[in-house]
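Peer 1: Could you have a look at this structure, given as structure tokens, before my questions?
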Amino acid sequence: MHNRKRLLSFSLTAVLVLFLAQFLCAQTAAPAASPSTDTAARLAKLEQQTAEAKSSADNAWMLTSSALVLMMTGPGLALFYSGLVRKKNVLGTMMQSFALMAIITVLWGLFGYSLSFGPGNSFIGGFKNLFLNGVGASPDADYAATIPAQTFMVYQLMFAIITPGLIAGAFAERMKFSAMVVFTILWSIIVYDPMAHMVWGKGGLLNAALGGRFPTLDFAGGTVVHITSGVSALVCALYLGKRVGYPKQSMPPHSVVLSFIGACLLWVGWFGFNAGSALAAGSLATSAFVATHFASAAAAIGWAGAEWIRNGKPSVLGGISGAVAGLVAITPASGFVKPMPALLIGLIAGVFCYAMVAKVKAKFGYDDSLDAFGVHGAGGTLGAILTGVFAVAAVNPIFKDAQGNPLPTGLLEGNAHQLLNQLIGVVISWVIAIVGTLLILKFVDVTIGLRISEEEEAQGLDLSQHGEEGYYWETPA
Amino acid sequence: MTKIEAIIQNSKLEAVKAALQEIGVEGMTVLEVRGHGRQKGHTEVYRGREYSVDLIPKTKLEMVLPDALVDKAEQAIVNAARTGKIGDGKIFRSRVDDAIRIRNDERGEGAL
């Protein structure tokens with residue numbers, strides 16, 4: 001109590017002294033400058049302070065978003081996927097997500113960022129930003145004018161981490177850890193970096209804002225993240241073949257509880273993924289946030305509702321799978337559509353992905369174990385196409401005429417051509433994913449081999465690949 | 001001495017335990033088991049795929065009783081565990097030759 005009083009009187013004195021000092025200085029300085037230059041200087045200072053304030057605000061949101069997107073991989077995706085596998089593979093599946101948080105980060109710093117966002121040609125960036133050279137505190141005006149280039153770099157890194165992580169759903173329970181590491185490193189270089197450059201990089205073939213040949217609308221990664229990973233997942237499932245015993249032996253999820261926690265973390269993290277893709281904290285971020293949330297909700301209802309009608313019961317796994325499908329589908333559209341179209345996109349995605357997973361997969365018999373293709377490939381493709389339908393200039397005036405007036409954006413606004421561009425973007429990402437993944441799988445197959453042995457598969461990834469167990473019941477007291 | 005093995009619904013364990021305590025049964029061993037009788041199990045659906053679960057979780061009680069107590073104990077279990085629906089479980093009884101208390105080598109009914 002006594003201390004606080006002393007502190008108070010001390011600070012009061014300090015404030016008084018400062019005030020007096022300023023008063024005296026002003027008295028002596030005032031006559032030196034003319035009133036007009038004084039005003040100009042003060043205005044310039046004010047402008048600088050305003051810019052700094054905006055930068056701080058945007059930067060705060062973008063750092064938060066970066067953290068949210070990292071949380072999507074670990075623990076979000078790690079929990080979501082590991083709950084869907086059998087008990088003996090729980091740690092191996094978590095590790096497939098977690099390892100990327102480490103490996104892709106290193107690659108991104110060394111050359112990944114430069115290949116994706118450094119200046120280059122239409123297909124891939126160059127070597128200008130190797131080792132993060134030139135990526136510092138000053139903003140890169142082409143990408144995000146109000147935040148440090150380093151913030152933009154680390155935000156994009158989180159996308160590069162989660163994308164290969166999604167593929168793991170297709171080769172779950174049967175791929176060697178070493179093969180998975182080599183596969184994802186090569187995949188990141190051969191598929192992800194070029195695709196990110198084409199869609200988001202300056203001068204990229206599909207870039208909508210920075211002079212691309214076929215401007216494809218992809219706000220947060222429908223093509224770059226979900227189509228590439230989902231389609232690559234299908235290729236992996238077909239190339240690796242089925243798990244031993246599939247589909248005769250029953251392999252139900254060992255813990256829908258883990259998957260539930262993971263899916264809810266994904267939903268929350270996705271606000272960073274989509275609203276963060278505004279690269280600023282303004283109203284576009286709000287719009288993307290709202291669209292994201294509405295789509296996810298509608299898709300959860302769509303999937304669980306379809307189940308309810310077909311099986312008589314709405315399942316928890318159906319609800320959370322639907323939510324994720326809706327988040328996938330709204331990803332490319334989130335910064336271009338209003339809330340009601342977002343609701344519609346979500347609802348369609350929930351029912352469509354359910355049909356892909358429950359009907360189409362069963363019909364063709366491929367073992368896309370955790371439905372990486374059924375949710376991300378199918379949902380991503382659907383979302384990319386529907387973005388071309390529902391995008392409006394009122395949300396995001398991305399196309400402008402010579403005078404800077406906004407032009408129609410999507411099909412419903414009268415820009416039918418955009419649908420074609422969306423299809424071109426979809427086709428290119430499918431082709432890159434298929435060709436790239438096939439080449440990498442072949443290479444890894446002949447060099448170190450892709451699959452674990454049959455005995456190892458019976459034993460599980462946890463013991464055979466990592467020498468530990470997720471659930472060790474016989475712990476001595 | 002007689003051994004009683006009772007396989008019952010998981011949800012009936014507390015009721016059965018209470019009923020046995022009431023008639024003076026002093027010890028039992030309880031196991032979590034899985035199995036099936038004529039009740040064939042159920043199906044679960046994950047992402048449109050049906051999984052039939054034919055081994056159902058059940059609770060198994062084992063106790064060795066002095067012969068005088070056996071009929072009463074069986075009746076107590078039946079009363080407490082019966083719902084009248086399929087899947088209520090079974091009781092098996094068998095003779096036991098001897099019992100030994102590890103602490104002090106006591107044998108026979110006195111060791112129970």
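Ligands are numbered from 1 in the order shown, residues from 1 within each chain, and chains are lettered A, B, ... in the order they appear in the structure tokens.
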Could you list, as a PyMOL selection string, every residue within 12 Å of B:Asp88, counting only C-alpha atoms and ignoring same-chain residues fewer than 3 positions away?
Peer 2: chain B and resi 6-13+36-39+56+58-60+77-85+91
Peer 1: Those same residues, written as a PDB file, in the first residue's frame with N, CA and C atoms?
Peer 2:
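Saved as selection.pdb:
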```pdb
ATOM      1  N   ALA B   6     -21.185 -65.782 -14.226  1.00  0.00           N
ATOM      2  CA  ALA B   6     -22.371 -65.122 -14.772  1.00  0.00           C
ATOM      3  C   ALA B   6     -21.934 -64.088 -15.807  1.00  0.00           C
ATOM      4  N   ILE B   7     -22.514 -64.196 -17.010  1.00  0.00           N
ATOM      5  CA  ILE B   7     -22.240 -63.200 -18.048  1.00  0.00           C
ATOM      6  C   ILE B   7     -23.469 -62.315 -18.156  1.00  0.00           C
ATOM      7  N   ILE B   8     -23.293 -61.036 -17.913  1.00  0.00           N
ATOM      8  CA  ILE B   8     -24.455 -60.136 -17.828  1.00  0.00           C
ATOM      9  C   ILE B   8     -24.232 -58.872 -18.670  1.00  0.00           C
ATOM     10  N   GLN B   9     -25.304 -58.106 -18.835  1.00  0.00           N
ATOM     11  CA  GLN B   9     -25.206 -56.798 -19.497  1.00  0.00           C
ATOM     12  C   GLN B   9     -24.336 -55.883 -18.645  1.00  0.00           C
ATOM     13  N   ASN B  10     -23.496 -55.064 -19.321  1.00  0.00           N
ATOM     14  CA  ASN B  10     -22.638 -54.139 -18.575  1.00  0.00           C
ATOM     15  C   ASN B  10     -23.442 -53.258 -17.626  1.00  0.00           C
ATOM     16  N   SER B  11     -24.602 -52.854 -18.089  1.00  0.00           N
ATOM     17  CA  SER B  11     -25.376 -51.882 -17.315  1.00  0.00           C
ATOM     18  C   SER B  11     -25.972 -52.492 -16.043  1.00  0.00           C
ATOM     19  N   LYS B  12     -25.919 -53.829 -15.913  1.00  0.00           N
ATOM     20  CA  LYS B  12     -26.549 -54.488 -14.764  1.00  0.00           C
ATOM     21  C   LYS B  12     -25.553 -54.796 -13.647  1.00  0.00           C
ATOM     22  N   LEU B  13     -24.283 -54.460 -13.864  1.00  0.00           N
ATOM     23  CA  LEU B  13     -23.258 -54.847 -12.888  1.00  0.00           C
ATOM     24  C   LEU B  13     -23.558 -54.311 -11.489  1.00  0.00           C
ATOM     25  N   HIS B  36     -20.531 -63.302 -27.949  1.00  0.00           N
ATOM     26  CA  HIS B  36     -21.921 -63.294 -28.390  1.00  0.00           C
ATOM     27  C   HIS B  36     -22.547 -64.652 -28.188  1.00  0.00           C
ATOM     28  N   GLY B  37     -23.850 -64.641 -28.006  1.00  0.00           N
ATOM     29  CA  GLY B  37     -24.605 -65.886 -27.933  1.00  0.00           C
ATOM     30  C   GLY B  37     -25.519 -65.914 -29.133  1.00  0.00           C
ATOM     31  N   ARG B  38     -26.798 -66.108 -28.878  1.00  0.00           N
ATOM     32  CA  ARG B  38     -27.723 -66.100 -30.016  1.00  0.00           C
ATOM     33  C   ARG B  38     -27.980 -64.674 -30.501  1.00  0.00           C
ATOM     34  N   GLN B  39     -27.784 -63.708 -29.608  1.00  0.00           N
ATOM     35  CA  GLN B  39     -27.911 -62.304 -29.997  1.00  0.00           C
ATOM     36  C   GLN B  39     -26.764 -62.000 -30.953  1.00  0.00           C
ATOM     37  N   ILE B  56     -19.885 -58.481 -28.657  1.00  0.00           N
ATOM     38  CA  ILE B  56     -20.452 -57.368 -27.890  1.00  0.00           C
ATOM     39  C   ILE B  56     -19.818 -57.305 -26.507  1.00  0.00           C
ATOM     40  N   LYS B  58     -19.462 -57.335 -22.731  1.00  0.00           N
ATOM     41  CA  LYS B  58     -20.295 -57.851 -21.634  1.00  0.00           C
ATOM     42  C   LYS B  58     -19.479 -57.833 -20.355  1.00  0.00           C
ATOM     43  N   THR B  59     -20.124 -58.062 -19.254  1.00  0.00           N
ATOM     44  CA  THR B  59     -19.426 -58.172 -17.980  1.00  0.00           C
ATOM     45  C   THR B  59     -19.559 -59.599 -17.478  1.00  0.00           C
ATOM     46  N   LYS B  60     -18.431 -60.148 -16.998  1.00  0.00           N
ATOM     47  CA  LYS B  60     -18.459 -61.515 -16.477  1.00  0.00           C
ATOM     48  C   LYS B  60     -18.103 -61.491 -14.988  1.00  0.00           C
ATOM     49  N   ILE B  77     -28.853 -63.077  -8.874  1.00  0.00           N
ATOM     50  CA  ILE B  77     -28.300 -62.584 -10.154  1.00  0.00           C
ATOM     51  C   ILE B  77     -29.408 -62.491 -11.190  1.00  0.00           C
ATOM     52  N   VAL B  78     -30.210 -63.565 -11.286  1.00  0.00           N
ATOM     53  CA  VAL B  78     -31.278 -63.592 -12.282  1.00  0.00           C
ATOM     54  C   VAL B  78     -32.236 -62.416 -12.058  1.00  0.00           C
ATOM     55  N   ASN B  79     -32.637 -62.220 -10.813  1.00  0.00           N
ATOM     56  CA  ASN B  79     -33.583 -61.144 -10.519  1.00  0.00           C
ATOM     57  C   ASN B  79     -33.020 -59.779 -10.873  1.00  0.00           C
ATOM     58  N   ALA B  80     -31.729 -59.593 -10.559  1.00  0.00           N
ATOM     59  CA  ALA B  80     -31.152 -58.264 -10.755  1.00  0.00           C
ATOM     60  C   ALA B  80     -30.786 -57.992 -12.210  1.00  0.00           C
ATOM     61  N   ALA B  81     -30.445 -59.052 -12.970  1.00  0.00           N
ATOM     62  CA  ALA B  81     -29.895 -58.832 -14.310  1.00  0.00           C
ATOM     63  C   ALA B  81     -30.922 -58.972 -15.420  1.00  0.00           C
ATOM     64  N   ARG B  82     -32.121 -59.442 -15.093  1.00  0.00           N
ATOM     65  CA  ARG B  82     -33.080 -59.736 -16.158  1.00  0.00           C
ATOM     66  C   ARG B  82     -33.779 -58.472 -16.655  1.00  0.00           C
ATOM     67  N   THR B  83     -33.784 -58.285 -17.993  1.00  0.00           N
ATOM     68  CA  THR B  83     -34.613 -57.235 -18.598  1.00  0.00           C
ATOM     69  C   THR B  83     -35.723 -57.885 -19.408  1.00  0.00           C
ATOM     70  N   GLY B  84     -35.567 -59.200 -19.697  1.00  0.00           N
ATOM     71  CA  GLY B  84     -36.554 -59.916 -20.496  1.00  0.00           C
ATOM     72  C   GLY B  84     -36.260 -59.858 -21.979  1.00  0.00           C
ATOM     73  N   LYS B  85     -35.202 -59.092 -22.347  1.00  0.00           N
ATOM     74  CA  LYS B  85     -34.865 -59.003 -23.777  1.00  0.00           C
ATOM     75  C   LYS B  85     -33.706 -59.927 -24.094  1.00  0.00           C
ATOM     76  N   ILE B  91     -25.778 -67.928 -16.873  1.00  0.00           N
ATOM     77  CA  ILE B  91     -25.057 -68.299 -15.650  1.00  0.00           C
ATOM     78  C   ILE B  91     -24.594 -69.744 -15.793  1.00  0.00           C
TER      79      ILE B  91
END
```
Peer 1: Residues of chain B within 12 Å of chain A: nearest atom pair and distance (Å, one decimal) for each, counting only C-alpha atoms, sorted by chain and number, as JSON lines?
Peer 2:
```
{"residue": "B:Thr43", "atom": "CA", "partner": "A:Asn311", "partner_atom": "CA", "distance": 11.1}
{"residue": "B:Glu44", "atom": "CA", "partner": "A:Pro252", "partner_atom": "CA", "distance": 8.7}
{"residue": "B:Val45", "atom": "CA", "partner": "A:Ser315", "partner_atom": "CA", "distance": 8.1}
{"residue": "B:Tyr46", "atom": "CA", "partner": "A:Leu317", "partner_atom": "CA", "distance": 6.9}
{"residue": "B:Arg47", "atom": "CA", "partner": "A:Ala358", "partner_atom": "CA", "distance": 5.9}
{"residue": "B:Gly48", "atom": "CA", "partner": "A:Ala358", "partner_atom": "CA", "distance": 4.4}
{"residue": "B:Arg49", "atom": "CA", "partner": "A:Ala358", "partner_atom": "CA", "distance": 6.7}
{"residue": "B:Glu50", "atom": "CA", "partner": "A:Ser250", "partner_atom": "CA", "distance": 8.8}
{"residue": "B:Tyr51", "atom": "CA", "partner": "A:Ser250", "partner_atom": "CA", "distance": 6.1}
{"residue": "B:Ser52", "atom": "CA", "partner": "A:Ser250", "partner_atom": "CA", "distance": 8.0}
{"residue": "B:Val53", "atom": "CA", "partner": "A:Ser250", "partner_atom": "CA", "distance": 9.1}
{"residue": "B:Asp54", "atom": "CA", "partner": "A:Ser250", "partner_atom": "CA", "distance": 11.3}
```
Peer 1: Just how far from atom CA of A:Glu52 is atom CA of A:Thr37, in Å to one decimal?
Peer 2: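 Computing the Euclidean distance for atom CA of A:Thr37 and atom CA of A:Glu52 yields 22.4 Å.
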Peer 1: Just the residues within 10 Å of B:Gly110, please, counting only C-alpha atoms, with nothing from its chain fewer than 5 positions along; format it as a PyMOL selection string.
Peer 2: chain B and resi 66+99-101
Peer 1: Skipping near chain neighbours, those fewer than 5 positions away, what residues fall within 7 Å of A:Gly165 using only C-alpha atoms, listed as number ranges by chain?
Peer 2: A: 96-97, 100
Peer 1: Pick out each residue of stretch 19-79 of chain B that DSSP on the backbone tags as alpha helix (DSSP H); I need them as an MDAnalysis selection string.
Peer 2: chainID B and resid 19:22 67:79
Peer 1: Any idea what's packed within 12 Å of B:Glu109, counting only C-alpha atoms, ignoring anything in its chain fewer than 2 positions away? Could you give it as a ChimeraX atom specification?
Peer 2: /B:1-3,64-69,96-101,106-107,111-112
Peer 1: Pick out the residues sitting within 7 Å of A:Ala299, and hand them over as a PDB file with N, CA and C atoms, in the first residue's frame; count only C-alpha atoms, and ignore anything fewer than 4 positions along from it in its own chain.
Peer 2:
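That gives us part39.pdb:
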```pdb
ATOM      1  N   ALA A 295     -20.538 -21.587 -44.514  1.00  0.00           N
ATOM      2  CA  ALA A 295     -20.395 -22.763 -45.376  1.00  0.00           C
ATOM      3  C   ALA A 295     -20.175 -24.016 -44.542  1.00  0.00           C
ATOM      4  N   TRP A 303     -24.239 -33.067 -44.825  1.00  0.00           N
ATOM      5  CA  TRP A 303     -23.695 -34.442 -44.738  1.00  0.00           C
ATOM      6  C   TRP A 303     -24.487 -35.260 -43.721  1.00  0.00           C
ATOM      7  N   GLY A 322     -18.677 -33.438 -42.718  1.00  0.00           N
ATOM      8  CA  GLY A 322     -19.394 -32.436 -43.511  1.00  0.00           C
ATOM      9  C   GLY A 322     -18.834 -31.043 -43.274  1.00  0.00           C
ATOM     10  N   ALA A 323     -18.581 -30.713 -41.998  1.00  0.00           N
ATOM     11  CA  ALA A 323     -18.035 -29.393 -41.690  1.00  0.00           C
ATOM     12  C   ALA A 323     -16.718 -29.174 -42.428  1.00  0.00           C
ATOM     13  N   ALA A 325     -15.712 -30.698 -45.165  1.00  0.00           N
ATOM     14  CA  ALA A 325     -15.993 -30.611 -46.602  1.00  0.00           C
ATOM     15  C   ALA A 325     -16.460 -29.200 -46.973  1.00  0.00           C
ATOM     16  N   GLY A 326     -17.290 -28.610 -46.121  1.00  0.00           N
ATOM     17  CA  GLY A 326     -17.760 -27.252 -46.380  1.00  0.00           C
ATOM     18  C   GLY A 326     -16.626 -26.247 -46.321  1.00  0.00           C
ATOM     19  N   GLY A 346     -21.789 -24.478 -49.103  1.00  0.00           N
ATOM     20  CA  GLY A 346     -21.561 -25.439 -48.034  1.00  0.00           C
ATOM     21  C   GLY A 346     -22.526 -26.608 -48.100  1.00  0.00           C
ATOM     22  N   LEU A 347     -23.798 -26.289 -48.272  1.00  0.00           N
ATOM     23  CA  LEU A 347     -24.819 -27.339 -48.304  1.00  0.00           C
ATOM     24  C   LEU A 347     -24.557 -28.323 -49.447  1.00  0.00           C
ATOM     25  N   ALA A 349     -21.706 -28.873 -50.924  1.00  0.00           N
ATOM     26  CA  ALA A 349     -20.462 -29.603 -50.653  1.00  0.00           C
ATOM     27  C   ALA A 349     -20.693 -30.741 -49.666  1.00  0.00           C
ATOM     28  N   GLY A 350     -21.515 -30.499 -48.644  1.00  0.00           N
ATOM     29  CA  GLY A 350     -21.762 -31.536 -47.641  1.00  0.00           C
ATOM     30  C   GLY A 350     -22.390 -32.771 -48.261  1.00  0.00           C
TER      31      GLY A 350
END
```
Peer 1: Within chain B, find each residue whose DSSP state, derived from the backbone, is strand (DSSP E or B), and express the selection as a PyMOL selection string.
Peer 2: chain B and resi 2-8+29-35+42-46+49-53+56-65+89-95+100+107
